[in-house]
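The data block below is input_27.pdb; it holds PDB, N, CA and C atoms.
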MODEL        1
ATOM      1  N   MET L   4      67.316  48.677 -29.032
ATOM      2  CA  MET L   4      68.074  49.482 -29.963
ATOM      3  C   MET L   4      69.110  48.594 -30.650
ATOM      4  N   ALA L   5      69.431  48.967 -31.860
ATOM      5  CA  ALA L   5      70.400  48.213 -32.650
ATOM      6  C   ALA L   5      71.804  48.335 -32.060
ATOM      7  N   ASP L   6      72.605  47.290 -32.265
ATOM      8  CA  ASP L   6      74.013  47.316 -31.844
ATOM      9  C   ASP L   6      74.865  48.109 -32.817
ATOM     10  N   ARG L   7      74.421  48.139 -34.049
ATOM     11  CA  ARG L   7      75.183  48.799 -35.112
ATOM     12  C   ARG L   7      74.199  49.348 -36.134
ATOM     13  N   ILE L   8      74.550  50.510 -36.732
ATOM     14  CA  ILE L   8      73.693  51.149 -37.720
ATOM     15  C   ILE L   8      74.521  51.452 -38.961
ATOM     16  N   ALA L   9      73.979  51.097 -40.111
ATOM     17  CA  ALA L   9      74.564  51.483 -41.393
ATOM     18  C   ALA L   9      73.614  52.490 -42.026
ATOM     19  N   LEU L  10      74.123  53.657 -42.374
ATOM     20  CA  LEU L  10      73.317  54.728 -42.944
ATOM     21  C   LEU L  10      73.807  55.014 -44.351
ATOM     22  N   ILE L  11      72.903  54.925 -45.312
ATOM     23  CA  ILE L  11      73.234  55.169 -46.712
ATOM     24  C   ILE L  11      72.450  56.383 -47.176
ATOM     25  N   GLY L  12      73.124  57.294 -47.856
ATOM     26  CA  GLY L  12      72.470  58.486 -48.397
ATOM     27  C   GLY L  12      73.146  58.900 -49.681
ATOM     28  N   GLY L  13      72.368  59.212 -50.693
ATOM     29  CA  GLY L  13      72.931  59.649 -51.968
ATOM     30  C   GLY L  13      73.815  58.593 -52.605
ATOM     31  N   GLY L  14      73.499  57.315 -52.344
ATOM     32  CA  GLY L  14      74.281  56.228 -52.920
ATOM     33  C   GLY L  14      75.608  55.984 -52.238
ATOM     34  N   ARG L  15      75.823  56.630 -51.071
ATOM     35  CA  ARG L  15      77.091  56.473 -50.341
ATOM     36  C   ARG L  15      76.821  55.972 -48.939
ATOM     37  N   LEU L  16      77.764  55.248 -48.401
ATOM     38  CA  LEU L  16      77.703  54.827 -47.005
ATOM     39  C   LEU L  16      78.144  56.008 -46.145
ATOM     40  N   LEU L  17      77.206  56.582 -45.387
ATOM     41  CA  LEU L  17      77.490  57.762 -44.574
ATOM     42  C   LEU L  17      77.985  57.396 -43.181
ATOM     43  N   ALA L  18      77.536  56.262 -42.674
ATOM     44  CA  ALA L  18      77.947  55.838 -41.328
ATOM     45  C   ALA L  18      77.733  54.338 -41.199
ATOM     46  N   ASP L  19      78.623  53.700 -40.484
ATOM     47  CA  ASP L  19      78.508  52.291 -40.138
ATOM     48  C   ASP L  19      79.180  52.135 -38.786
ATOM     49  N   ASP L  20      78.384  52.299 -37.720
ATOM     50  CA  ASP L  20      78.961  52.333 -36.383
ATOM     51  C   ASP L  20      77.883  52.071 -35.342
ATOM     52  N   THR L  21      78.276  52.124 -34.084
ATOM     53  CA  THR L  21      77.317  51.962 -32.994
ATOM     54  C   THR L  21      76.513  53.261 -32.842
ATOM     55  N   PRO L  22      75.309  53.172 -32.283
ATOM     56  CA  PRO L  22      74.519  54.397 -32.087
ATOM     57  C   PRO L  22      75.256  55.470 -31.275
ATOM     58  N   SER L  23      75.951  55.084 -30.213
ATOM     59  CA  SER L  23      76.639  56.090 -29.389
ATOM     60  C   SER L  23      77.775  56.760 -30.150
ATOM     61  N   ARG L  24      78.477  56.033 -30.976
ATOM     62  CA  ARG L  24      79.558  56.639 -31.774
ATOM     63  C   ARG L  24      79.002  57.546 -32.868
ATOM     64  N   ILE L  25      77.863  57.187 -33.424
ATOM     65  CA  ILE L  25      77.236  58.051 -34.433
ATOM     66  C   ILE L  25      76.799  59.355 -33.789
ATOM     67  N   ARG L  26      76.191  59.285 -32.609
ATOM     68  CA  ARG L  26      75.777  60.516 -31.909
ATOM     69  C   ARG L  26      76.987  61.387 -31.607
ATOM     70  N   ALA L  27      78.073  60.796 -31.145
ATOM     71  CA  ALA L  27      79.277  61.562 -30.802
ATOM     72  C   ALA L  27      79.931  62.159 -32.046
ATOM     73  N   ARG L  28      79.822  61.488 -33.149
ATOM     74  CA  ARG L  28      80.490  61.900 -34.387
ATOM     75  C   ARG L  28      79.968  63.218 -34.945
ATOM     76  N   VAL L  29      78.696  63.485 -34.805
ATOM     77  CA  VAL L  29      78.124  64.656 -35.463
ATOM     78  C   VAL L  29      78.393  65.964 -34.723
ATOM     79  N   GLY L  30      78.655  65.937 -33.442
ATOM     80  CA  GLY L  30      78.982  67.155 -32.715
ATOM     81  C   GLY L  30      77.835  68.127 -32.518
ATOM     82  N   VAL L  31      76.614  67.674 -32.747
ATOM     83  CA  VAL L  31      75.444  68.533 -32.549
ATOM     84  C   VAL L  31      75.010  68.448 -31.091
ATOM     85  N   ARG L  32      74.641  69.584 -30.524
ATOM     86  CA  ARG L  32      74.135  69.631 -29.154
ATOM     87  C   ARG L  32      72.737  70.201 -29.155
ATOM     88  N   ARG L  33      71.942  69.725 -28.195
ATOM     89  CA  ARG L  33      70.603  70.273 -27.975
ATOM     90  C   ARG L  33      70.688  71.268 -26.830
ATOM     91  N   VAL L  34      70.122  72.435 -27.032
ATOM     92  CA  VAL L  34      70.072  73.467 -25.995
ATOM     93  C   VAL L  34      68.602  73.804 -25.794
ATOM     94  N   ARG L  35      68.203  73.873 -24.525
ATOM     95  CA  ARG L  35      66.813  74.215 -24.192
ATOM     96  C   ARG L  35      66.846  75.284 -23.110
ATOM     97  N   CYS L  36      65.917  76.248 -23.196
ATOM     98  CA  CYS L  36      65.862  77.312 -22.189
ATOM     99  C   CYS L  36      64.544  78.066 -22.303
ATOM    100  N   ARG L  37      64.302  78.924 -21.323
ATOM    101  CA  ARG L  37      63.234  79.921 -21.390
ATOM    102  C   ARG L  37      63.927  81.256 -21.638
ATOM    103  N   SER L  38      63.358  82.031 -22.560
ATOM    104  CA  SER L  38      64.002  83.280 -22.946
ATOM    105  C   SER L  38      62.953  84.277 -23.420
ATOM    106  N   SER L  39      63.283  85.550 -23.292
ATOM    107  CA  SER L  39      62.411  86.598 -23.815
ATOM    108  C   SER L  39      62.696  86.855 -25.295
ATOM    109  N   LEU L  40      63.702  86.214 -25.853
ATOM    110  CA  LEU L  40      64.057  86.389 -27.261
ATOM    111  C   LEU L  40      63.101  85.583 -28.152
ATOM    112  N   SER L  41      62.885  86.065 -29.360
ATOM    113  CA  SER L  41      61.946  85.407 -30.267
ATOM    114  C   SER L  41      62.657  84.424 -31.196
ATOM    115  N   VAL L  42      61.906  83.435 -31.646
ATOM    116  CA  VAL L  42      62.419  82.470 -32.623
ATOM    117  C   VAL L  42      62.851  83.206 -33.885
ATOM    118  N   ASP L  43      62.062  84.197 -34.312
ATOM    119  CA  ASP L  43      62.405  84.951 -35.524
ATOM    120  C   ASP L  43      63.779  85.599 -35.416
ATOM    121  N   GLU L  44      64.101  86.133 -34.258
ATOM    122  CA  GLU L  44      65.409  86.756 -34.043
ATOM    123  C   GLU L  44      66.512  85.700 -33.971
ATOM    124  N   LEU L  45      66.258  84.641 -33.238
ATOM    125  CA  LEU L  45      67.284  83.632 -32.971
ATOM    126  C   LEU L  45      67.643  82.779 -34.181
ATOM    127  N   GLN L  46      66.704  82.562 -35.078
ATOM    128  CA  GLN L  46      66.978  81.677 -36.207
ATOM    129  C   GLN L  46      68.043  82.234 -37.142
ATOM    130  N   HIS L  47      68.379  83.513 -37.002
ATOM    131  CA  HIS L  47      69.403  84.131 -37.846
ATOM    132  C   HIS L  47      70.782  84.137 -37.190
ATOM    133  N   TRP L  48      70.887  83.705 -35.958
ATOM    134  CA  TRP L  48      72.184  83.654 -35.297
ATOM    135  C   TRP L  48      73.029  82.547 -35.937
ATOM    136  N   PRO L  49      74.308  82.802 -36.179
ATOM    137  CA  PRO L  49      75.150  81.781 -36.819
ATOM    138  C   PRO L  49      75.368  80.535 -35.953
ATOM    139  N   GLU L  50      75.181  80.648 -34.658
ATOM    140  CA  GLU L  50      75.359  79.500 -33.757
ATOM    141  C   GLU L  50      74.173  78.538 -33.804
ATOM    142  N   VAL L  51      73.083  78.961 -34.422
ATOM    143  CA  VAL L  51      71.829  78.199 -34.412
ATOM    144  C   VAL L  51      71.683  77.408 -35.710
ATOM    145  N   GLN L  52      71.581  76.099 -35.555
ATOM    146  CA  GLN L  52      71.304  75.238 -36.706
ATOM    147  C   GLN L  52      69.797  75.109 -36.891
ATOM    148  N   GLN L  53      69.078  74.868 -35.805
ATOM    149  CA  GLN L  53      67.610  74.815 -35.801
ATOM    150  C   GLN L  53      67.124  75.425 -34.492
ATOM    151  N   VAL L  54      65.938  76.018 -34.534
ATOM    152  CA  VAL L  54      65.307  76.536 -33.317
ATOM    153  C   VAL L  54      63.800  76.466 -33.485
ATOM    154  N   HIS L  55      63.128  76.105 -32.403
ATOM    155  CA  HIS L  55      61.670  76.182 -32.364
ATOM    156  C   HIS L  55      61.241  76.399 -30.913
ATOM    157  N   ALA L  56      60.018  76.885 -30.764
ATOM    158  CA  ALA L  56      59.458  77.123 -29.437
ATOM    159  C   ALA L  56      58.372  76.096 -29.173
ATOM    160  N   ASP L  57      58.311  75.636 -27.919
ATOM    161  CA  ASP L  57      57.291  74.668 -27.518
ATOM    162  C   ASP L  57      57.012  74.859 -26.036
ATOM    163  N   SER L  58      55.766  75.105 -25.704
ATOM    164  CA  SER L  58      55.334  75.263 -24.306
ATOM    165  C   SER L  58      56.176  76.290 -23.544
ATOM    166  N   GLY L  59      56.479  77.401 -24.209
ATOM    167  CA  GLY L  59      57.213  78.473 -23.556
ATOM    168  C   GLY L  59      58.714  78.273 -23.489
ATOM    169  N   GLN L  60      59.204  77.178 -24.025
ATOM    170  CA  GLN L  60      60.654  76.937 -24.037
ATOM    171  C   GLN L  60      61.181  76.981 -25.458
ATOM    172  N   LEU L  61      62.430  77.419 -25.585
ATOM    173  CA  LEU L  61      63.115  77.394 -26.864
ATOM    174  C   LEU L  61      63.952  76.118 -26.935
ATOM    175  N   HIS L  62      63.956  75.492 -28.098
ATOM    176  CA  HIS L  62      64.718  74.271 -28.332
ATOM    177  C   HIS L  62      65.638  74.521 -29.524
ATOM    178  N   PHE L  63      66.939  74.329 -29.314
ATOM    179  CA  PHE L  63      67.936  74.586 -30.352
ATOM    180  C   PHE L  63      68.699  73.311 -30.695
ATOM    181  N   LEU L  64      69.204  73.256 -31.922
ATOM    182  CA  LEU L  64      70.277  72.350 -32.311
ATOM    183  C   LEU L  64      71.421  73.253 -32.733
ATOM    184  N   SER L  65      72.633  72.916 -32.279
ATOM    185  CA  SER L  65      73.779  73.768 -32.582
ATOM    186  C   SER L  65      75.068  72.953 -32.639
ATOM    187  N   HIS L  66      75.912  73.291 -33.603
ATOM    188  CA  HIS L  66      77.265  72.729 -33.660
ATOM    189  C   HIS L  66      78.205  73.560 -32.779
ATOM    190  N   ARG L  67      77.730  74.707 -32.334
ATOM    191  CA  ARG L  67      78.541  75.616 -31.507
ATOM    192  C   ARG L  67      77.765  75.965 -30.237
ATOM    193  N   ALA L  68      77.417  74.948 -29.480
ATOM    194  CA  ALA L  68      76.555  75.137 -28.311
ATOM    195  C   ALA L  68      77.161  76.083 -27.276
ATOM    196  N   GLU L  69      78.452  75.986 -27.039
ATOM    197  CA  GLU L  69      79.074  76.866 -26.043
ATOM    198  C   GLU L  69      78.963  78.323 -26.454
ATOM    199  N   ASP L  70      79.199  78.601 -27.744
ATOM    200  CA  ASP L  70      79.056  79.973 -28.249
ATOM    201  C   ASP L  70      77.610  80.436 -28.156
ATOM    202  N   LEU L  71      76.679  79.545 -28.466
ATOM    203  CA  LEU L  71      75.262  79.874 -28.363
ATOM    204  C   LEU L  71      74.876  80.218 -26.933
ATOM    205  N   VAL L  72      75.313  79.410 -25.983
ATOM    206  CA  VAL L  72      74.988  79.659 -24.578
ATOM    207  C   VAL L  72      75.568  80.991 -24.115
ATOM    208  N   ARG L  73      76.819  81.273 -24.482
ATOM    209  CA  ARG L  73      77.422  82.565 -24.104
ATOM    210  C   ARG L  73      76.598  83.730 -24.651
ATOM    211  N   ARG L  74      76.212  83.621 -25.917
ATOM    212  CA  ARG L  74      75.454  84.711 -26.535
ATOM    213  C   ARG L  74      74.074  84.856 -25.908
ATOM    214  N   LEU L  75      73.414  83.739 -25.620
ATOM    215  CA  LEU L  75      72.116  83.808 -24.944
ATOM    216  C   LEU L  75      72.240  84.502 -23.593
ATOM    217  N   LEU L  76      73.247  84.121 -22.818
ATOM    218  CA  LEU L  76      73.447  84.717 -21.492
ATOM    219  C   LEU L  76      73.769  86.203 -21.586
ATOM    220  N   ASP L  77      74.571  86.603 -22.599
ATOM    221  CA  ASP L  77      74.913  88.014 -22.783
ATOM    222  C   ASP L  77      73.724  88.841 -23.260
ATOM    223  N   THR L  78      72.836  88.228 -24.045
ATOM    224  CA  THR L  78      71.751  88.962 -24.697
ATOM    225  C   THR L  78      70.481  89.032 -23.860
ATOM    226  N   ASP L  79      70.216  87.994 -23.078
ATOM    227  CA  ASP L  79      68.942  87.918 -22.354
ATOM    228  C   ASP L  79      69.161  87.741 -20.852
ATOM    229  N   PRO L  80      69.055  88.818 -20.083
ATOM    230  CA  PRO L  80      69.237  88.699 -18.631
ATOM    231  C   PRO L  80      68.133  87.884 -17.954
ATOM    232  N   GLN L  81      67.018  87.661 -18.653
ATOM    233  CA  GLN L  81      65.909  86.876 -18.101
ATOM    234  C   GLN L  81      66.023  85.385 -18.426
ATOM    235  N   LEU L  82      67.082  84.963 -19.101
ATOM    236  CA  LEU L  82      67.259  83.567 -19.488
ATOM    237  C   LEU L  82      67.176  82.652 -18.265
ATOM    238  N   SER L  83      66.451  81.538 -18.401
ATOM    239  CA  SER L  83      66.329  80.599 -17.283
ATOM    240  C   SER L  83      66.168  79.177 -17.821
ATOM    241  N   GLU L  84      66.229  78.231 -16.921
ATOM    242  CA  GLU L  84      66.035  76.804 -17.217
ATOM    243  C   GLU L  84      66.922  76.319 -18.364
ATOM    244  N   LEU L  85      68.172  76.751 -18.359
ATOM    245  CA  LEU L  85      69.120  76.409 -19.413
ATOM    246  C   LEU L  85      69.579  74.960 -19.266
ATOM    247  N   GLU L  86      69.543  74.228 -20.366
ATOM    248  CA  GLU L  86      69.966  72.829 -20.383
ATOM    249  C   GLU L  86      70.689  72.551 -21.695
ATOM    250  N   VAL L  87      71.819  71.869 -21.637
ATOM    251  CA  VAL L  87      72.589  71.504 -22.828
ATOM    252  C   VAL L  87      72.824  70.003 -22.789
ATOM    253  N   ARG L  88      72.516  69.339 -23.907
ATOM    254  CA  ARG L  88      72.692  67.887 -24.018
ATOM    255  C   ARG L  88      73.231  67.539 -25.393
ATOM    256  N   GLY L  89      73.778  66.346 -25.500
ATOM    257  CA  GLY L  89      74.193  65.840 -26.801
ATOM    258  C   GLY L  89      72.983  65.514 -27.652
ATOM    259  N   ALA L  90      73.220  65.359 -28.932
ATOM    260  CA  ALA L  90      72.138  65.020 -29.859
ATOM    261  C   ALA L  90      71.633  63.616 -29.590
ATOM    262  N   ASP L  91      70.334  63.411 -29.831
ATOM    263  CA  ASP L  91      69.828  62.046 -29.774
ATOM    264  C   ASP L  91      70.107  61.383 -31.127
ATOM    265  N   LEU L  92      69.836  60.110 -31.235
ATOM    266  CA  LEU L  92      70.175  59.368 -32.444
ATOM    267  C   LEU L  92      69.456  59.923 -33.667
ATOM    268  N   GLU L  93      68.189  60.275 -33.527
ATOM    269  CA  GLU L  93      67.441  60.822 -34.660
ATOM    270  C   GLU L  93      68.086  62.098 -35.178
ATOM    271  N   GLN L  94      68.467  62.997 -34.272
ATOM    272  CA  GLN L  94      69.100  64.248 -34.676
ATOM    273  C   GLN L  94      70.458  63.991 -35.321
ATOM    274  N   ALA L  95      71.201  63.020 -34.805
ATOM    275  CA  ALA L  95      72.495  62.683 -35.386
ATOM    276  C   ALA L  95      72.325  62.161 -36.813
ATOM    277  N   LEU L  96      71.345  61.289 -37.027
ATOM    278  CA  LEU L  96      71.112  60.745 -38.362
ATOM    279  C   LEU L  96      70.647  61.839 -39.323
ATOM    280  N   GLU L  97      69.801  62.744 -38.845
ATOM    281  CA  GLU L  97      69.370  63.866 -39.681
ATOM    282  C   GLU L  97      70.559  64.733 -40.080
ATOM    283  N   THR L  98      71.467  64.963 -39.150
ATOM    284  CA  THR L  98      72.644  65.771 -39.438
ATOM    285  C   THR L  98      73.524  65.096 -40.486
ATOM    286  N   LEU L  99      73.697  63.797 -40.375
ATOM    287  CA  LEU L  99      74.531  63.071 -41.333
ATOM    288  C   LEU L  99      73.926  63.056 -42.733
ATOM    289  N   THR L 100      72.603  63.099 -42.824
ATOM    290  CA  THR L 100      71.951  63.055 -44.133
ATOM    291  C   THR L 100      71.598  64.439 -44.658
ATOM    292  N   ASP L 101      71.901  65.490 -43.891
ATOM    293  CA  ASP L 101      71.605  66.860 -44.302
ATOM    294  C   ASP L 101      72.357  67.176 -45.585
ATOM    295  N   ASP L 102      71.633  67.698 -46.568
ATOM    296  CA  ASP L 102      72.241  68.006 -47.859
ATOM    297  C   ASP L 102      72.812  69.419 -47.927
ATOM    298  N   GLY L 103      72.848  70.114 -46.779
ATOM    299  CA  GLY L 103      73.412  71.454 -46.746
ATOM    300  C   GLY L 103      72.381  72.556 -46.916
ATOM    301  N   SER L 104      71.133  72.204 -47.221
ATOM    302  CA  SER L 104      70.107  73.234 -47.329
ATOM    303  C   SER L 104      69.709  73.712 -45.937
ATOM    304  N   ASP L 105      69.094  74.859 -45.871
ATOM    305  CA  ASP L 105      68.753  75.475 -44.590
ATOM    306  C   ASP L 105      67.491  74.839 -44.021
ATOM    307  N   HIS L 106      67.623  74.136 -42.874
ATOM    308  CA  HIS L 106      66.501  73.465 -42.244
ATOM    309  C   HIS L 106      66.078  74.145 -40.951
ATOM    310  N   ARG L 107      66.375  75.431 -40.809
ATOM    311  CA  ARG L 107      66.004  76.114 -39.580
ATOM    312  C   ARG L 107      64.500  76.195 -39.484
ATOM    313  N   GLU L 108      63.995  75.950 -38.283
ATOM    314  CA  GLU L 108      62.554  75.965 -38.059
ATOM    315  C   GLU L 108      62.178  77.271 -37.396
ATOM    316  N   GLY L 109      61.034  77.790 -37.760
ATOM    317  CA  GLY L 109      60.584  79.036 -37.167
ATOM    318  C   GLY L 109      59.173  78.921 -36.627
ATOM    319  N   ALA L 110      58.891  77.876 -35.884
ATOM    320  CA  ALA L 110      57.549  77.705 -35.315
ATOM    321  C   ALA L 110      57.264  78.805 -34.313
ATOM    322  N   ALA L 111      56.056  79.242 -34.271
ATOM    323  CA  ALA L 111      55.665  80.313 -33.344
ATOM    324  C   ALA L 111      55.693  79.836 -31.905
ATOM    325  N   ALA L 112      55.935  80.783 -30.997
ATOM    326  CA  ALA L 112      55.992  80.457 -29.570
ATOM    327  C   ALA L 112      54.626  80.113 -29.043
TER
ENDMDL
END
What does the file become when written as structure tokens?
Amino acid sequence: MADRIALIGGGRLLADDTPSRIRARVGVRRVRCRSSLSVDELQHWPEVQQVHADSGQLHFLSHRAEDLVRRLLDTDPQLSELEVRGADLEQALETLTDDGSDHREGAAA
């Protein structure tokens, strides 16, 4: 992995830092769980930046992971296998280059 990354987007320098500092800078968290809730329902929650289902698990990106987890726990008593992690480098770079359009995913379960 590189010691330092320079990211340019729209003719501007968006980031010039170490990979770990870039990941920390964006504040995006990955949340994964099993839930009886549908992707169609969840993609409209304000805490959800992206959501998709894969192999029976829901995968989220969120800038408000704590709020998302609270709401999931309040809404779905069957929620299980809950995991929260920081963004990986790819997700951090995508967040930094996001032009503000809606990139929520609605893949079927």
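In this model, the gap between CA of Arg7 (chain L) and atom N of Gln52 (chain L) comes to 27.5 Å.
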Can you spell out as a compact mmCIF listing (two decimals) with N, CA and C atoms, keeping the file's coordinate frame the set of residues that the PyMOL selection byres (((chain L and resi 62-65 and name CA) around 9) and name CA) selects in the structure I just provided?
# COMPACT_ATOMS: atom_id res chain seq x y z
N GLY L 30 78.66 65.94 -33.44
CA GLY L 30 78.98 67.16 -32.72
C GLY L 30 77.83 68.13 -32.52
N VAL L 31 76.61 67.67 -32.75
CA VAL L 31 75.44 68.53 -32.55
C VAL L 31 75.01 68.45 -31.09
N ARG L 32 74.64 69.58 -30.52
CA ARG L 32 74.14 69.63 -29.15
C ARG L 32 72.74 70.20 -29.16
N ARG L 33 71.94 69.72 -28.20
CA ARG L 33 70.60 70.27 -27.98
C ARG L 33 70.69 71.27 -26.83
N VAL L 34 70.12 72.44 -27.03
CA VAL L 34 70.07 73.47 -26.00
C VAL L 34 68.60 73.80 -25.79
N ARG L 35 68.20 73.87 -24.52
CA ARG L 35 66.81 74.22 -24.19
C ARG L 35 66.85 75.28 -23.11
N CYS L 36 65.92 76.25 -23.20
CA CYS L 36 65.86 77.31 -22.19
C CYS L 36 64.54 78.07 -22.30
N GLU L 50 75.18 80.65 -34.66
CA GLU L 50 75.36 79.50 -33.76
C GLU L 50 74.17 78.54 -33.80
N VAL L 51 73.08 78.96 -34.42
CA VAL L 51 71.83 78.20 -34.41
C VAL L 51 71.68 77.41 -35.71
N GLN L 52 71.58 76.10 -35.56
CA GLN L 52 71.30 75.24 -36.71
C GLN L 52 69.80 75.11 -36.89
N GLN L 53 69.08 74.87 -35.80
CA GLN L 53 67.61 74.82 -35.80
C GLN L 53 67.12 75.42 -34.49
N VAL L 54 65.94 76.02 -34.53
CA VAL L 54 65.31 76.54 -33.32
C VAL L 54 63.80 76.47 -33.48
N HIS L 55 63.13 76.10 -32.40
CA HIS L 55 61.67 76.18 -32.36
C HIS L 55 61.24 76.40 -30.91
N ALA L 56 60.02 76.89 -30.76
CA ALA L 56 59.46 77.12 -29.44
C ALA L 56 58.37 76.10 -29.17
N ASP L 57 58.31 75.64 -27.92
CA ASP L 57 57.29 74.67 -27.52
C ASP L 57 57.01 74.86 -26.04
N GLN L 60 59.20 77.18 -24.02
CA GLN L 60 60.65 76.94 -24.04
C GLN L 60 61.18 76.98 -25.46
N LEU L 61 62.43 77.42 -25.58
CA LEU L 61 63.12 77.39 -26.86
C LEU L 61 63.95 76.12 -26.94
N HIS L 66 75.91 73.29 -33.60
CA HIS L 66 77.26 72.73 -33.66
C HIS L 66 78.20 73.56 -32.78
N ARG L 67 77.73 74.71 -32.33
CA ARG L 67 78.54 75.62 -31.51
C ARG L 67 77.76 75.96 -30.24
N ALA L 68 77.42 74.95 -29.48
CA ALA L 68 76.56 75.14 -28.31
C ALA L 68 77.16 76.08 -27.28
N GLU L 69 78.45 75.99 -27.04
CA GLU L 69 79.07 76.87 -26.04
C GLU L 69 78.96 78.32 -26.45
N LEU L 71 76.68 79.54 -28.47
CA LEU L 71 75.26 79.87 -28.36
C LEU L 71 74.88 80.22 -26.93
N ALA L 90 73.22 65.36 -28.93
CA ALA L 90 72.14 65.02 -29.86
C ALA L 90 71.63 63.62 -29.59
N GLN L 94 68.47 63.00 -34.27
CA GLN L 94 69.10 64.25 -34.68
C GLN L 94 70.46 63.99 -35.32
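Coordinates place atom N of Ala95 (chain L) at a distance of 26.5 Å from atom N of Ser39 (chain L).
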- prompt: Looking only at the backbone, which of the residues in region 49-95 of chain L does DSSP tag as strand (DSSP E), as a PyMOL selection string?
  reply: chain L and resi 53-57+60-65+83-89
- prompt: Could you pull out all residues of chain L with a DSSP call of helix (DSSP H, G or I) and give them as a PyMOL selection string?
  reply: chain L and resi 22-29+42-45+68-78+92-100
Kindly save the residues from that selection, with N, CA and C atoms included, as a tab-separated table (two decimals), keeping the file's coordinate frame.
chain	number	residue	atom	x	y	z
L	22	PRO	N	75.31	53.17	-32.28
L	22	PRO	CA	74.52	54.40	-32.09
L	22	PRO	C	75.26	55.47	-31.28
L	23	SER	N	75.95	55.08	-30.21
L	23	SER	CA	76.64	56.09	-29.39
L	23	SER	C	77.78	56.76	-30.15
L	24	ARG	N	78.48	56.03	-30.98
L	24	ARG	CA	79.56	56.64	-31.77
L	24	ARG	C	79.00	57.55	-32.87
L	25	ILE	N	77.86	57.19	-33.42
L	25	ILE	CA	77.24	58.05	-34.43
L	25	ILE	C	76.80	59.36	-33.79
L	26	ARG	N	76.19	59.28	-32.61
L	26	ARG	CA	75.78	60.52	-31.91
L	26	ARG	C	76.99	61.39	-31.61
L	27	ALA	N	78.07	60.80	-31.14
L	27	ALA	CA	79.28	61.56	-30.80
L	27	ALA	C	79.93	62.16	-32.05
L	28	ARG	N	79.82	61.49	-33.15
L	28	ARG	CA	80.49	61.90	-34.39
L	28	ARG	C	79.97	63.22	-34.94
L	29	VAL	N	78.70	63.48	-34.80
L	29	VAL	CA	78.12	64.66	-35.46
L	29	VAL	C	78.39	65.96	-34.72
L	42	VAL	N	61.91	83.44	-31.65
L	42	VAL	CA	62.42	82.47	-32.62
L	42	VAL	C	62.85	83.21	-33.88
L	43	ASP	N	62.06	84.20	-34.31
L	43	ASP	CA	62.40	84.95	-35.52
L	43	ASP	C	63.78	85.60	-35.42
L	44	GLU	N	64.10	86.13	-34.26
L	44	GLU	CA	65.41	86.76	-34.04
L	44	GLU	C	66.51	85.70	-33.97
L	45	LEU	N	66.26	84.64	-33.24
L	45	LEU	CA	67.28	83.63	-32.97
L	45	LEU	C	67.64	82.78	-34.18
L	68	ALA	N	77.42	74.95	-29.48
L	68	ALA	CA	76.56	75.14	-28.31
L	68	ALA	C	77.16	76.08	-27.28
L	69	GLU	N	78.45	75.99	-27.04
L	69	GLU	CA	79.07	76.87	-26.04
L	69	GLU	C	78.96	78.32	-26.45
L	70	ASP	N	79.20	78.60	-27.74
L	70	ASP	CA	79.06	79.97	-28.25
L	70	ASP	C	77.61	80.44	-28.16
L	71	LEU	N	76.68	79.54	-28.47
L	71	LEU	CA	75.26	79.87	-28.36
L	71	LEU	C	74.88	80.22	-26.93
L	72	VAL	N	75.31	79.41	-25.98
L	72	VAL	CA	74.99	79.66	-24.58
L	72	VAL	C	75.57	80.99	-24.12
L	73	ARG	N	76.82	81.27	-24.48
L	73	ARG	CA	77.42	82.56	-24.10
L	73	ARG	C	76.60	83.73	-24.65
L	74	ARG	N	76.21	83.62	-25.92
L	74	ARG	CA	75.45	84.71	-26.54
L	74	ARG	C	74.07	84.86	-25.91
L	75	LEU	N	73.41	83.74	-25.62
L	75	LEU	CA	72.12	83.81	-24.94
L	75	LEU	C	72.24	84.50	-23.59
L	76	LEU	N	73.25	84.12	-22.82
L	76	LEU	CA	73.45	84.72	-21.49
L	76	LEU	C	73.77	86.20	-21.59
L	77	ASP	N	74.57	86.60	-22.60
L	77	ASP	CA	74.91	88.01	-22.78
L	77	ASP	C	73.72	88.84	-23.26
L	78	THR	N	72.84	88.23	-24.04
L	78	THR	CA	71.75	88.96	-24.70
L	78	THR	C	70.48	89.03	-23.86
L	92	LEU	N	69.84	60.11	-31.24
L	92	LEU	CA	70.18	59.37	-32.44
L	92	LEU	C	69.46	59.92	-33.67
L	93	GLU	N	68.19	60.28	-33.53
L	93	GLU	CA	67.44	60.82	-34.66
L	93	GLU	C	68.09	62.10	-35.18
L	94	GLN	N	68.47	63.00	-34.27
L	94	GLN	CA	69.10	64.25	-34.68
L	94	GLN	C	70.46	63.99	-35.32
L	95	ALA	N	71.20	63.02	-34.80
L	95	ALA	CA	72.50	62.68	-35.39
L	95	ALA	C	72.32	62.16	-36.81
L	96	LEU	N	71.34	61.29	-37.03
L	96	LEU	CA	71.11	60.74	-38.36
L	96	LEU	C	70.65	61.84	-39.32
L	97	GLU	N	69.80	62.74	-38.84
L	97	GLU	CA	69.37	63.87	-39.68
L	97	GLU	C	70.56	64.73	-40.08
L	98	THR	N	71.47	64.96	-39.15
L	98	THR	CA	72.64	65.77	-39.44
L	98	THR	C	73.52	65.10	-40.49
L	99	LEU	N	73.70	63.80	-40.38
L	99	LEU	CA	74.53	63.07	-41.33
L	99	LEU	C	73.93	63.06	-42.73
L	100	THR	N	72.60	63.10	-42.82
L	100	THR	CA	71.95	63.06	-44.13
L	100	THR	C	71.60	64.44	-44.66
For the structure shown, which residues end up in the PyMOL selection byres ((chain L and resi 5) around 7)? Put them as a short mmCIF file (atom, residue, chain, number, x, y, z; two decimals) with N, CA and C atoms, keeping the file's coordinate frame, please?
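Okay, this is what ended up in expr23.cif:
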data_model
loop_
_atom_site.label_atom_id
_atom_site.label_comp_id
_atom_site.auth_asym_id
_atom_site.auth_seq_id
_atom_site.Cartn_x
_atom_site.Cartn_y
_atom_site.Cartn_z
N MET L 4 67.32 48.68 -29.03
CA MET L 4 68.07 49.48 -29.96
C MET L 4 69.11 48.59 -30.65
N ASP L 6 72.60 47.29 -32.26
CA ASP L 6 74.01 47.32 -31.84
C ASP L 6 74.86 48.11 -32.82
N ARG L 7 74.42 48.14 -34.05
CA ARG L 7 75.18 48.80 -35.11
C ARG L 7 74.20 49.35 -36.13
N ILE L 8 74.55 50.51 -36.73
CA ILE L 8 73.69 51.15 -37.72
C ILE L 8 74.52 51.45 -38.96
N THR L 21 78.28 52.12 -34.08
CA THR L 21 77.32 51.96 -32.99
C THR L 21 76.51 53.26 -32.84
N PRO L 22 75.31 53.17 -32.28
CA PRO L 22 74.52 54.40 -32.09
C PRO L 22 75.26 55.47 -31.28
#
